[in-house]
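Have a look at entry-v1.pdb; it's PDB, C-alpha atoms and all ligand atoms:
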```
ATOM      1  CA  MET B   1     126.572  -3.733  77.610
ATOM      2  CA  ARG B   2     128.917  -5.810  75.432
ATOM      3  CA  THR B   3     128.448  -9.589  75.590
ATOM      4  CA  LEU B   4     130.749 -12.233  74.153
ATOM      5  CA  LEU B   5     128.793 -15.448  73.596
ATOM      6  CA  ILE B   6     130.845 -18.615  73.143
ATOM      7  CA  GLY B   7     129.020 -21.666  71.752
ATOM      8  CA  GLY B   8     126.389 -19.426  70.185
ATOM      9  CA  ARG B   9     125.377 -22.012  67.553
ATOM     10  CA  GLY B  10     124.385 -24.717  70.065
ATOM     11  CA  GLN B  11     120.945 -25.249  71.648
ATOM     12  CA  LEU B  12     121.418 -22.758  74.465
ATOM     13  CA  GLY B  13     123.572 -20.417  72.383
ATOM     14  CA  THR B  14     120.914 -20.151  69.665
ATOM     15  CA  ALA B  15     118.241 -19.336  72.277
ATOM     16  CA  LEU B  16     120.525 -16.746  73.868
ATOM     17  CA  ARG B  17     121.199 -15.012  70.559
ATOM     18  CA  ALA B  18     117.459 -14.469  70.188
ATOM     19  CA  ARG B  19     117.148 -12.952  73.676
ATOM     20  CA  LEU B  20     120.319 -10.983  74.425
ATOM     21  CA  ALA B  21     120.086  -7.204  74.057
ATOM     22  CA  GLY B  22     122.914  -4.709  73.630
ATOM     23  CA  GLU B  23     126.036  -5.488  71.642
ATOM     24  CA  VAL B  24     126.390  -9.250  71.215
ATOM     25  CA  ILE B  25     129.500 -10.806  69.695
ATOM     26  CA  ALA B  26     128.912 -14.463  68.890
ATOM     27  CA  PRO B  27     131.853 -15.975  67.036
ATOM     28  CA  ASP B  28     131.467 -19.505  65.757
ATOM     29  CA  ARG B  29     133.968 -22.187  66.652
ATOM     30  CA  SER B  30     136.165 -21.429  63.630
ATOM     31  CA  GLN B  31     136.517 -17.842  64.875
ATOM     32  CA  LEU B  32     136.931 -18.618  68.570
ATOM     33  CA  ASP B  33     137.929 -22.098  69.688
ATOM     34  CA  LEU B  34     138.153 -22.372  73.454
ATOM     35  CA  THR B  35     140.976 -24.897  73.213
ATOM     36  CA  GLU B  36     143.189 -22.230  71.623
ATOM     37  CA  THR B  37     143.697 -20.547  74.957
ATOM     38  CA  ALA B  38     146.217 -17.906  73.871
ATOM     39  CA  GLY B  39     143.859 -16.745  71.138
ATOM     40  CA  VAL B  40     140.936 -16.611  73.581
ATOM     41  CA  ALA B  41     142.891 -14.427  76.018
ATOM     42  CA  ALA B  42     143.987 -12.142  73.173
ATOM     43  CA  GLN B  43     140.406 -11.774  71.898
ATOM     44  CA  LEU B  44     139.124 -10.980  75.391
ATOM     45  CA  ASP B  45     141.827  -8.391  75.838
ATOM     46  CA  GLN B  46     140.938  -6.805  72.524
ATOM     47  CA  LEU B  47     137.117  -6.995  72.771
ATOM     48  CA  ARG B  48     136.848  -6.183  76.507
ATOM     49  CA  PRO B  49     133.307  -7.582  76.900
ATOM     50  CA  ASP B  50     131.384  -6.777  80.085
ATOM     51  CA  VAL B  51     129.923 -10.280  80.100
ATOM     52  CA  VAL B  52     131.227 -13.548  78.671
ATOM     53  CA  ILE B  53     128.716 -16.391  78.367
ATOM     54  CA  ASN B  54     130.172 -19.848  77.908
ATOM     55  CA  ALA B  55     127.485 -21.984  76.277
ATOM     56  CA  ALA B  56     130.099 -24.330  74.788
ATOM     57  CA  ALA B  57     130.914 -27.735  76.191
ATOM     58  CA  TYR B  58     131.991 -31.258  75.456
ATOM     59  CA  ASN B  59     128.554 -32.910  75.790
ATOM     60  CA  LEU B  60     129.105 -36.485  74.603
ATOM     61  CA  VAL B  61     128.259 -38.201  77.883
ATOM     62  CA  ASP B  62     128.926 -41.782  76.765
ATOM     63  CA  ARG B  63     131.910 -41.086  74.532
ATOM     64  CA  ALA B  64     133.584 -39.169  77.378
ATOM     65  CA  GLU B  65     134.137 -42.511  79.149
ATOM     66  CA  ASP B  66     136.552 -43.431  76.338
ATOM     67  CA  GLU B  67     138.172 -40.021  75.897
ATOM     68  CA  PRO B  68     138.444 -38.497  79.378
ATOM     69  CA  GLU B  69     141.411 -36.336  78.354
ATOM     70  CA  LEU B  70     139.293 -34.582  75.748
ATOM     71  CA  ALA B  71     136.332 -34.149  78.101
ATOM     72  CA  PHE B  72     138.547 -32.681  80.821
ATOM     73  CA  LEU B  73     140.369 -30.487  78.307
ATOM     74  CA  GLN B  74     137.119 -28.959  76.981
ATOM     75  CA  ASN B  75     135.035 -28.891  80.163
ATOM     76  CA  ALA B  76     137.682 -28.113  82.751
ATOM     77  CA  LEU B  77     141.129 -26.996  81.567
ATOM     78  CA  VAL B  78     139.989 -24.523  78.931
ATOM     79  CA  VAL B  79     137.364 -23.259  81.360
ATOM     80  CA  ARG B  80     140.164 -22.578  83.854
ATOM     81  CA  HIS B  81     141.932 -20.416  81.252
ATOM     82  CA  LEU B  82     138.690 -18.689  80.367
ATOM     83  CA  ALA B  83     137.874 -17.930  84.001
ATOM     84  CA  ARG B  84     141.328 -16.412  84.537
ATOM     85  CA  ALA B  85     141.122 -14.368  81.354
ATOM     86  CA  VAL B  86     137.648 -12.979  82.144
ATOM     87  CA  ASP B  87     138.697 -12.127  85.682
ATOM     88  CA  ALA B  88     141.790 -10.355  84.354
ATOM     89  CA  ILE B  89     139.640  -7.900  82.378
ATOM     90  CA  GLY B  90     137.186  -7.429  85.273
ATOM     91  CA  GLY B  91     134.357  -9.097  83.361
ATOM     92  CA  THR B  92     131.474 -11.312  84.395
ATOM     93  CA  LEU B  93     131.532 -14.972  83.370
ATOM     94  CA  VAL B  94     128.368 -17.003  82.917
ATOM     95  CA  HIS B  95     129.168 -20.706  82.806
ATOM     96  CA  VAL B  96     126.679 -23.531  82.298
ATOM     97  CA  SER B  97     126.972 -26.817  84.142
ATOM     98  CA  THR B  98     124.829 -29.879  84.628
ATOM     99  CA  ASP B  99     122.822 -32.150  86.917
ATOM    100  CA  HIS B 100     125.449 -34.800  86.107
ATOM    101  CA  VAL B 101     127.655 -33.316  88.857
ATOM    102  CA  PHE B 102     125.317 -35.357  91.133
ATOM    103  CA  GLY B 103     124.540 -39.072  91.232
ATOM    104  CA  LEU B 104     126.918 -40.580  93.765
ATOM    105  CA  ASP B 105     124.374 -40.440  96.571
ATOM    106  CA  GLY B 106     121.805 -42.799  95.073
ATOM    107  CA  ALA B 107     119.457 -42.470  98.056
ATOM    108  CA  LEU B 108     118.645 -38.792  97.445
ATOM    109  CA  ARG B 109     114.994 -38.113  96.631
ATOM    110  CA  GLN B 110     114.618 -34.429  97.535
ATOM    111  CA  PRO B 111     115.188 -31.643  94.998
ATOM    112  CA  LEU B 112     118.920 -30.944  95.026
ATOM    113  CA  ARG B 113     120.023 -27.573  96.362
ATOM    114  CA  GLU B 114     123.100 -25.570  95.475
ATOM    115  CA  THR B 115     124.421 -26.407  98.956
ATOM    116  CA  ASP B 116     124.120 -30.177  98.457
ATOM    117  CA  LEU B 117     127.389 -32.020  98.026
ATOM    118  CA  PRO B 118     127.979 -32.961  94.386
ATOM    119  CA  GLY B 119     129.354 -36.375  93.481
ATOM    120  CA  PRO B 120     129.516 -37.274  89.797
ATOM    121  CA  VAL B 121     129.332 -40.853  88.516
ATOM    122  CA  SER B 122     130.718 -40.290  85.009
ATOM    123  CA  VAL B 123     133.712 -38.715  83.286
ATOM    124  CA  TYR B 124     131.406 -36.067  81.818
ATOM    125  CA  GLY B 125     130.000 -35.176  85.247
ATOM    126  CA  ALA B 126     133.452 -35.079  86.822
ATOM    127  CA  SER B 127     134.799 -32.866  84.042
ATOM    128  CA  LYS B 128     131.876 -30.439  84.383
ATOM    129  CA  LEU B 129     132.291 -30.323  88.167
ATOM    130  CA  ALA B 130     135.982 -29.493  87.723
ATOM    131  CA  GLY B 131     135.067 -26.732  85.263
ATOM    132  CA  GLU B 132     132.533 -25.094  87.530
ATOM    133  CA  GLY B 133     135.048 -25.262  90.395
ATOM    134  CA  PHE B 134     137.585 -23.324  88.332
ATOM    135  CA  VAL B 135     135.013 -20.658  87.481
ATOM    136  CA  ARG B 136     133.929 -20.272  91.094
ATOM    137  CA  SER B 137     137.471 -20.026  92.420
ATOM    138  CA  LEU B 138     139.153 -17.988  89.677
ATOM    139  CA  CYS B 139     136.615 -15.451  88.417
ATOM    140  CA  ALA B 140     135.190 -13.107  91.050
ATOM    141  CA  ARG B 141     132.127 -12.114  89.037
ATOM    142  CA  HIS B 142     130.584 -15.380  87.996
ATOM    143  CA  PHE B 143     127.259 -17.036  87.486
ATOM    144  CA  VAL B 144     127.423 -20.839  87.356
ATOM    145  CA  LEU B 145     124.118 -22.369  86.284
ATOM    146  CA  ARG B 146     123.415 -26.072  86.570
ATOM    147  CA  THR B 147     120.628 -27.245  84.320
ATOM    148  CA  CYS B 148     119.074 -30.565  83.298
ATOM    149  CA  GLY B 149     117.561 -32.241  80.240
ATOM    150  CA  LEU B 150     118.141 -29.266  77.952
ATOM    151  CA  TYR B 151     116.327 -29.137  74.622
ATOM    152  CA  GLY B 152     116.198 -26.399  72.038
ATOM    153  CA  VAL B 153     116.778 -25.650  68.409
ATOM    154  CA  ALA B 154     120.458 -25.374  67.579
ATOM    155  CA  GLU B 155     121.607 -23.473  64.528
ATOM    156  CA  SER B 156     124.588 -25.796  64.351
ATOM    157  CA  PRO B 157     123.715 -28.722  62.060
ATOM    158  CA  GLY B 158     123.398 -32.213  63.454
ATOM    159  CA  LYS B 159     122.535 -31.196  67.028
ATOM    160  CA  GLY B 160     119.503 -33.289  67.877
ATOM    161  CA  ASN B 161     117.748 -33.299  71.224
ATOM    162  CA  PHE B 162     115.595 -35.760  73.154
ATOM    163  CA  VAL B 163     112.314 -34.317  71.819
ATOM    164  CA  ALA B 164     113.424 -34.500  68.194
ATOM    165  CA  THR B 165     114.841 -37.991  68.717
ATOM    166  CA  MET B 166     111.602 -39.278  70.288
ATOM    167  CA  LEU B 167     109.452 -37.791  67.522
ATOM    168  CA  ARG B 168     111.700 -39.337  64.874
ATOM    169  CA  LEU B 169     111.863 -42.785  66.514
ATOM    170  CA  GLY B 170     108.161 -42.727  67.366
ATOM    171  CA  ARG B 171     107.221 -42.003  63.754
ATOM    172  CA  GLN B 172     109.692 -44.537  62.342
ATOM    173  CA  GLN B 173     109.057 -47.413  64.762
ATOM    174  CA  GLY B 174     105.717 -46.784  66.479
ATOM    175  CA  GLU B 175     107.323 -47.980  69.708
ATOM    176  CA  VAL B 176     110.148 -46.737  71.942
ATOM    177  CA  ARG B 177     111.836 -48.152  75.052
ATOM    178  CA  VAL B 178     112.798 -45.400  77.477
ATOM    179  CA  VAL B 179     114.539 -45.367  80.842
ATOM    180  CA  ASP B 180     112.083 -44.937  83.704
ATOM    181  CA  ASP B 181     114.409 -44.962  86.730
ATOM    182  CA  GLN B 182     116.202 -41.657  86.106
ATOM    183  CA  HIS B 183     114.296 -38.684  87.483
ATOM    184  CA  CYS B 184     114.867 -35.337  85.804
ATOM    185  CA  THR B 185     113.347 -32.009  84.847
ATOM    186  CA  PRO B 186     113.325 -31.387  81.094
ATOM    187  CA  THR B 187     114.360 -27.793  80.470
ATOM    188  CA  ARG B 188     113.640 -25.673  77.421
ATOM    189  CA  ALA B 189     116.737 -23.789  76.247
ATOM    190  CA  ASP B 190     114.723 -20.593  75.811
ATOM    191  CA  ASP B 191     113.747 -20.615  79.517
ATOM    192  CA  LEU B 192     117.356 -21.073  80.585
ATOM    193  CA  ALA B 193     118.294 -18.235  78.228
ATOM    194  CA  ARG B 194     115.722 -15.966  79.880
ATOM    195  CA  ALA B 195     117.121 -16.771  83.310
ATOM    196  CA  ILE B 196     120.635 -15.936  82.123
ATOM    197  CA  VAL B 197     119.546 -12.630  80.614
ATOM    198  CA  GLU B 198     117.813 -11.638  83.861
ATOM    199  CA  LEU B 199     120.712 -12.776  86.054
ATOM    200  CA  VAL B 200     123.378 -10.837  84.162
ATOM    201  CA  SER B 201     121.403  -7.628  84.561
ATOM    202  CA  GLY B 202     122.161  -7.893  88.305
ATOM    203  CA  VAL B 203     125.119  -8.608  90.541
ATOM    204  CA  ASP B 204     123.867 -11.596  92.552
ATOM    205  CA  TYR B 205     126.818 -13.717  91.551
ATOM    206  CA  GLY B 206     127.106 -17.366  92.487
ATOM    207  CA  LEU B 207     125.852 -20.856  91.828
ATOM    208  CA  TYR B 208     122.265 -21.462  90.654
ATOM    209  CA  HIS B 209     120.149 -24.476  89.791
ATOM    210  CA  VAL B 210     118.017 -23.503  86.787
ATOM    211  CA  THR B 211     115.431 -25.812  85.259
ATOM    212  CA  ASN B 212     111.773 -25.731  84.343
ATOM    213  CA  ALA B 213     109.461 -26.604  87.257
ATOM    214  CA  GLY B 214     108.255 -30.087  88.194
ATOM    215  CA  ALA B 215     109.867 -33.451  87.602
ATOM    216  CA  THR B 216     109.430 -36.665  85.654
ATOM    217  CA  THR B 217     111.484 -39.542  84.285
ATOM    218  CA  TRP B 218     112.838 -39.794  80.746
ATOM    219  CA  CYS B 219     110.011 -42.232  80.096
ATOM    220  CA  GLY B 220     107.469 -39.731  81.456
ATOM    221  CA  PHE B 221     109.035 -37.065  79.238
ATOM    222  CA  ALA B 222     108.661 -39.317  76.182
ATOM    223  CA  ARG B 223     105.029 -40.116  77.027
ATOM    224  CA  GLU B 224     104.201 -36.393  77.303
ATOM    225  CA  ILE B 225     105.868 -35.648  73.950
ATOM    226  CA  PHE B 226     103.707 -38.261  72.221
ATOM    227  CA  ARG B 227     100.566 -37.185  74.103
ATOM    228  CA  LEU B 228     101.015 -33.544  73.092
ATOM    229  CA  ALA B 229     101.866 -34.452  69.513
ATOM    230  CA  ALA B 230      98.967 -36.985  69.483
ATOM    231  CA  LEU B 231     101.237 -39.689  68.111
ATOM    232  CA  PRO B 232     100.099 -43.259  68.820
ATOM    233  CA  VAL B 233     103.459 -44.570  70.009
ATOM    234  CA  LYS B 234     103.872 -47.443  72.458
ATOM    235  CA  VAL B 235     106.257 -46.364  75.222
ATOM    236  CA  THR B 236     107.866 -49.234  77.126
ATOM    237  CA  PRO B 237     109.537 -48.307  80.411
ATOM    238  CA  ILE B 238     112.934 -49.908  80.954
ATOM    239  CA  THR B 239     115.629 -49.680  83.618
ATOM    240  CA  SER B 240     119.027 -48.015  83.238
ATOM    241  CA  ALA B 241     120.544 -51.497  83.503
ATOM    242  CA  GLU B 242     118.450 -52.666  80.551
ATOM    243  CA  PHE B 243     119.414 -49.599  78.494
ATOM    244  CA  ALA B 244     123.080 -50.268  79.344
ATOM    245  CA  ALA B 245     124.535 -46.909  78.330
ATOM    246  CA  LYS B 246     128.295 -46.661  78.556
ATOM    247  CA  ALA B 247     128.222 -43.837  81.113
ATOM    248  CA  ARG B 248     126.299 -43.955  84.381
ATOM    249  CA  ARG B 249     123.660 -41.241  84.854
ATOM    250  CA  PRO B 250     122.263 -39.848  88.095
ATOM    251  CA  ALA B 251     119.112 -41.665  89.206
ATOM    252  CA  TRP B 252     117.921 -38.394  90.762
ATOM    253  CA  SER B 253     118.557 -35.163  88.819
ATOM    254  CA  VAL B 254     115.762 -32.976  90.149
ATOM    255  CA  LEU B 255     117.273 -29.593  90.985
ATOM    256  CA  ALA B 256     115.682 -27.240  93.532
ATOM    257  CA  GLY B 257     114.682 -23.908  92.016
ATOM    258  CA  GLU B 258     114.165 -21.748  95.111
ATOM    259  CA  ARG B 259     117.380 -19.765  94.743
ATOM    260  CA  ILE B 260     116.902 -18.789  91.090
ATOM    261  CA  ALA B 261     113.218 -17.999  91.740
ATOM    262  CA  THR B 262     114.265 -15.130  94.009
ATOM    263  CA  ARG B 263     116.205 -13.558  91.113
ATOM    264  CA  LEU B 264     113.613 -13.810  88.321
ATOM    265  CA  SER B 265     110.735 -11.488  87.443
ATOM    266  CA  GLN B 266     108.531 -14.562  87.066
ATOM    267  CA  PRO B 267     109.185 -18.237  87.731
ATOM    268  CA  LEU B 268     110.189 -20.554  84.916
ATOM    269  CA  PRO B 269     107.175 -22.539  83.656
ATOM    270  CA  HIS B 270     106.363 -26.148  84.456
ATOM    271  CA  TRP B 271     108.161 -28.535  82.129
ATOM    272  CA  THR B 272     104.889 -29.699  80.515
ATOM    273  CA  THR B 273     103.902 -26.091  79.692
ATOM    274  CA  ALA B 274     107.346 -25.382  78.253
ATOM    275  CA  LEU B 275     107.209 -28.572  76.200
ATOM    276  CA  ALA B 276     103.763 -27.731  74.799
ATOM    277  CA  GLU B 277     104.964 -24.244  73.800
ATOM    278  CA  TYR B 278     108.105 -25.693  72.227
ATOM    279  CA  LEU B 279     106.099 -28.219  70.215
ATOM    280  CA  ALA B 280     103.614 -25.524  69.170
ATOM    281  CA  ALA B 281     106.462 -23.333  67.896
ATOM    282  CA  ARG B 282     107.767 -26.332  65.896
ATOM    283  CA  GLY B 283     104.314 -27.087  64.442
ATOM    284  CA  GLU B 284     104.240 -30.403  66.337
ATOM    285  CA  LEU B 285     101.493 -29.693  68.899
ATOM    286  CA  ASN B 286      98.173 -31.398  68.267
ATOM    287  CA  ARG B 287      95.502 -28.924  69.340
ATOM    288  CA  GLY B 288      92.631 -31.349  68.828
TER     289      GLY B 288
HETATM  290  N1  LIG H   1     122.112 -30.861  76.383
HETATM  291  C1  LIG H   1     121.753 -31.196  77.624
HETATM  292  O1  LIG H   1     120.887 -32.047  77.839
HETATM  293  C2  LIG H   1     122.390 -30.499  78.811
HETATM  294  C3  LIG H   1     121.976 -30.832  80.088
HETATM  295  C4  LIG H   1     122.548 -30.186  81.186
HETATM  296  C5  LIG H   1     123.534 -29.227  80.972
HETATM  297  N2  LIG H   1     123.942 -28.937  79.720
HETATM  298  C6  LIG H   1     124.978 -27.910  79.544
HETATM  299  O2  LIG H   1     124.379 -26.807  78.885
HETATM  300  C7  LIG H   1     125.359 -26.135  78.106
HETATM  301  C8  LIG H   1     124.819 -25.906  76.712
HETATM  302  O3  LIG H   1     124.535 -27.176  76.136
HETATM  303  P1  LIG H   1     123.914 -27.314  74.675
HETATM  304  O4  LIG H   1     123.060 -28.533  74.694
HETATM  305  O5  LIG H   1     123.334 -26.009  74.235
HETATM  306  O6  LIG H   1     125.233 -27.636  73.823
HETATM  307  P2  LIG H   1     125.345 -27.886  72.264
HETATM  308  O7  LIG H   1     124.034 -27.752  71.589
HETATM  309  O8  LIG H   1     126.144 -29.140  72.100
HETATM  310  O9  LIG H   1     126.241 -26.651  71.774
HETATM  311  C9  LIG H   1     127.542 -26.486  72.197
HETATM  312  C10 LIG H   1     128.179 -25.400  71.343
HETATM  313  O10 LIG H   1     129.530 -25.234  71.801
HETATM  314  C11 LIG H   1     130.384 -25.189  70.683
HETATM  315  N3  LIG H   1     131.690 -25.668  71.085
HETATM  316  C12 LIG H   1     132.040 -26.912  71.485
HETATM  317  N4  LIG H   1     133.354 -26.958  71.745
HETATM  318  C13 LIG H   1     133.831 -25.705  71.509
HETATM  319  C14 LIG H   1     135.116 -25.117  71.586
HETATM  320  N5  LIG H   1     136.211 -25.827  71.938
HETATM  321  N6  LIG H   1     135.250 -23.803  71.299
HETATM  322  C15 LIG H   1     134.188 -23.078  70.908
HETATM  323  N7  LIG H   1     132.951 -23.576  70.804
HETATM  324  C16 LIG H   1     132.792 -24.875  71.085
HETATM  325  C17 LIG H   1     129.712 -26.082  69.652
HETATM  326  O11 LIG H   1     130.209 -25.771  68.392
HETATM  327  P3  LIG H   1     129.926 -26.714  67.117
HETATM  328  O12 LIG H   1     128.543 -26.357  66.697
HETATM  329  O13 LIG H   1     130.967 -26.305  66.130
HETATM  330  O14 LIG H   1     130.058 -28.135  67.595
HETATM  331  C18 LIG H   1     128.248 -25.740  69.865
HETATM  332  O15 LIG H   1     127.915 -24.591  69.117
HETATM  333  C19 LIG H   1     126.631 -26.980  78.182
HETATM  334  O16 LIG H   1     127.491 -26.449  79.166
HETATM  335  C20 LIG H   1     126.144 -28.330  78.658
HETATM  336  O17 LIG H   1     127.129 -29.038  79.394
HETATM  337  C21 LIG H   1     123.394 -29.537  78.625
END
```
Encoded form (structure tokens):
Amino acid sequence: MRTLLIGGRGQLGTALRARLAGEVIAPDRSQLDLTETAGVAAQLDQLRPDVVINAAAYNLVDRAEDEPELAFLQNALVVRHLARAVDAIGGTLVHVSTDHVFGLDGALRQPLRETDLPGPVSVYGASKLAGEGFVRSLCARHFVLRTCGLYGVAESPGKGNFVATMLRLGRQQGEVRVVDDQHCTPTRADDLARAIVELVSGVDYGLYHVTNAGATTWCGFAREIFRLAALPVKVTPITSAEFAAKARRPAWSVLAGERIATRLSQPLPHWTTALAEYLAARGELNRG
């Protein structure tokens, strides 16, 4: 099987490169830029991959509020071209989306299913929802995976994640203030990568919610990071209003995992287990 991996230097892309078998072509952005749509179509036509995985995205949630054209270009319009081009060669497209397609229904407190009506509250969320819509309507063989709170080790320089940020701030300041009214499921990039690898070995195309198991808030996530690393950091819970980020975030981002569970050889681990393994691999777990 020949796989073309786009965004292979990001958090998810780096985890995928470690897991994908067969022939894997993983150009960096200088070799394949999704915004150069003619070049992308030409490369697909020449390479004829069986599977194309799009792990690239415009991810700057707050900045997107000020540059919606760029967010929609990267997360929606180029994805439309990509979906058409992959369909034209009879390939399978794996596209990654986000919990930020939800948020409009603030009363929701049940894990969100693939059949629940999305309703984004930010430019980023709206652009990602548009992108997944193009994939679902234009490429017959598709897997669209919505995930949440992704963290992993990116080969690309300068790509931090919430875990790294908390460890850095905790060590520097001894105290952090973290939002406690946004519910989420932190998800290790390596677990999402495993789910993708298993999915593409089959033909159960469609939309999937893919996260680690369980749920917490960003504040709960921070507390667990410091507990596992045995760092004496004071964690102060604050509200989203107090944090005052430019973009709104969903208050409830817990995605239901029943559908993906039926497709995997074993369920994805609980988020606390995944976090402990991630910290252990980074030499940050306190085993005392
Ligand atoms: N991070 C999260 O918390 C989170 C949560 C939910 C869903 N997601 C989704 O999960 C997916 C993977 O996210 P991630 O955190 O792994 O992303 P990431 O670490 O930011 O990596 C994105 C990669 O895409 C590349 N890229 C960006 N624009 C490109 C373009 N026009 N052409 C080619 N490559 C381009 C980047 O290249 P450079 O290295 O050159 O910048 C980078 O290697 C995305 O679809 C994202 O929306 C992320």
With the file shown as input, list the residues that the PyMOL selection byres (((chain B and resi 267) around 10) and not hetatm) selects, as a PyMOL selection string. chain B and resi 191+195+212-213+257-258+260-266+268-270
Test item: the PyMOL selection byres (((chain B and resi 238) around 9) and not hetatm) resolved as a ChimeraX atom specification: /B:177-181,219,236-237,239-243
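Evaluated on this file, the PyMOL selection byres (((chain B and resi 47-50) around 7) and not hetatm) matches B:Met1, B:Arg2, B:Thr3, B:Leu4, B:Gln43, B:Leu44, B:Asp45, B:Gln46, B:Val51, B:Val52, B:Ile89, B:Gly91, B:Thr92.
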Identify, on the basis of all atoms listed in the file, every residue whose closest approach to B:Glu69 does not exceed 12 Å; exclude the query and any residue fewer than 6 positions from it along the same chain; express the result as a list of chain:residue names.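 Answer for this query is B:Tyr58, B:Arg63, B:Asn75, B:Ala76, B:Leu77, B:Val78, B:Val123, B:Tyr124, B:Ala126, B:Ser127.
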For B:Thr115, which of B:Gly206, B:Gly22, B:Gly283, B:Gly7 is the closest residue, counting all atoms listed in the file?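 Looking at the shortest contact to B:Thr115, the residue is B:Gly206.
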Using only C-alpha atoms: which of B:Ala83, B:Leu5, B:Val200, B:Val163 has the shortest distance to B:Leu279: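 For B:Leu279, the nearest of the candidates is B:Val163.
Residues near the point (131.6, -17.1, 77.8), at a distance of 7 Å or less over only C-alpha atoms, make up Leu4, Leu5, Ile6, Val52, Ile53, Asn54, Ala55, Leu93, Val94 and His95 of chain B.
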Please determine, counting all atoms listed in the file, which residue among B:Ala154, B:Leu285, B:Ala280, B:Ala193 has the shortest atom-to-atom distance to ligand LIG 1 (chain H). B:Ala154
Which is closest to ligand LIG 1 (chain H) among B:Tyr151, B:Tyr208, B:Phe143, B:Phe102, if we use all atoms listed in the file?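 The shortest atom-to-atom distance to ligand LIG 1 (chain H) comes from B:Tyr151.
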Do a neighbour search on B:Ser253 at 6 Å with all atoms listed in the file, toss out local chain neighbours closer than 4 positions, and write the hits as a PyMOL selection string. chain B and resi 99+183-184
Just the number, please: distance in Å from atom C5 of ligand LIG 1 (chain H) to atom CA of B:Arg146, one decimal.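 It comes out at 6.4 Å.
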Around all the atoms of ligand LIG 1 (chain H) listed in the file, with 6 Å of room on each side, what axis-aligned box do you get, giving centre and edge lengths in Å to one decimal, as JSON?
```
{"center_x": 128.5, "center_y": -27.6, "center_z": 73.7, "size_x": 27.3, "size_y": 21.0, "size_z": 27.1}
```
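The space between atom CA of B:Ala107 and atom CA of B:Arg188 spans 27.2 Å.
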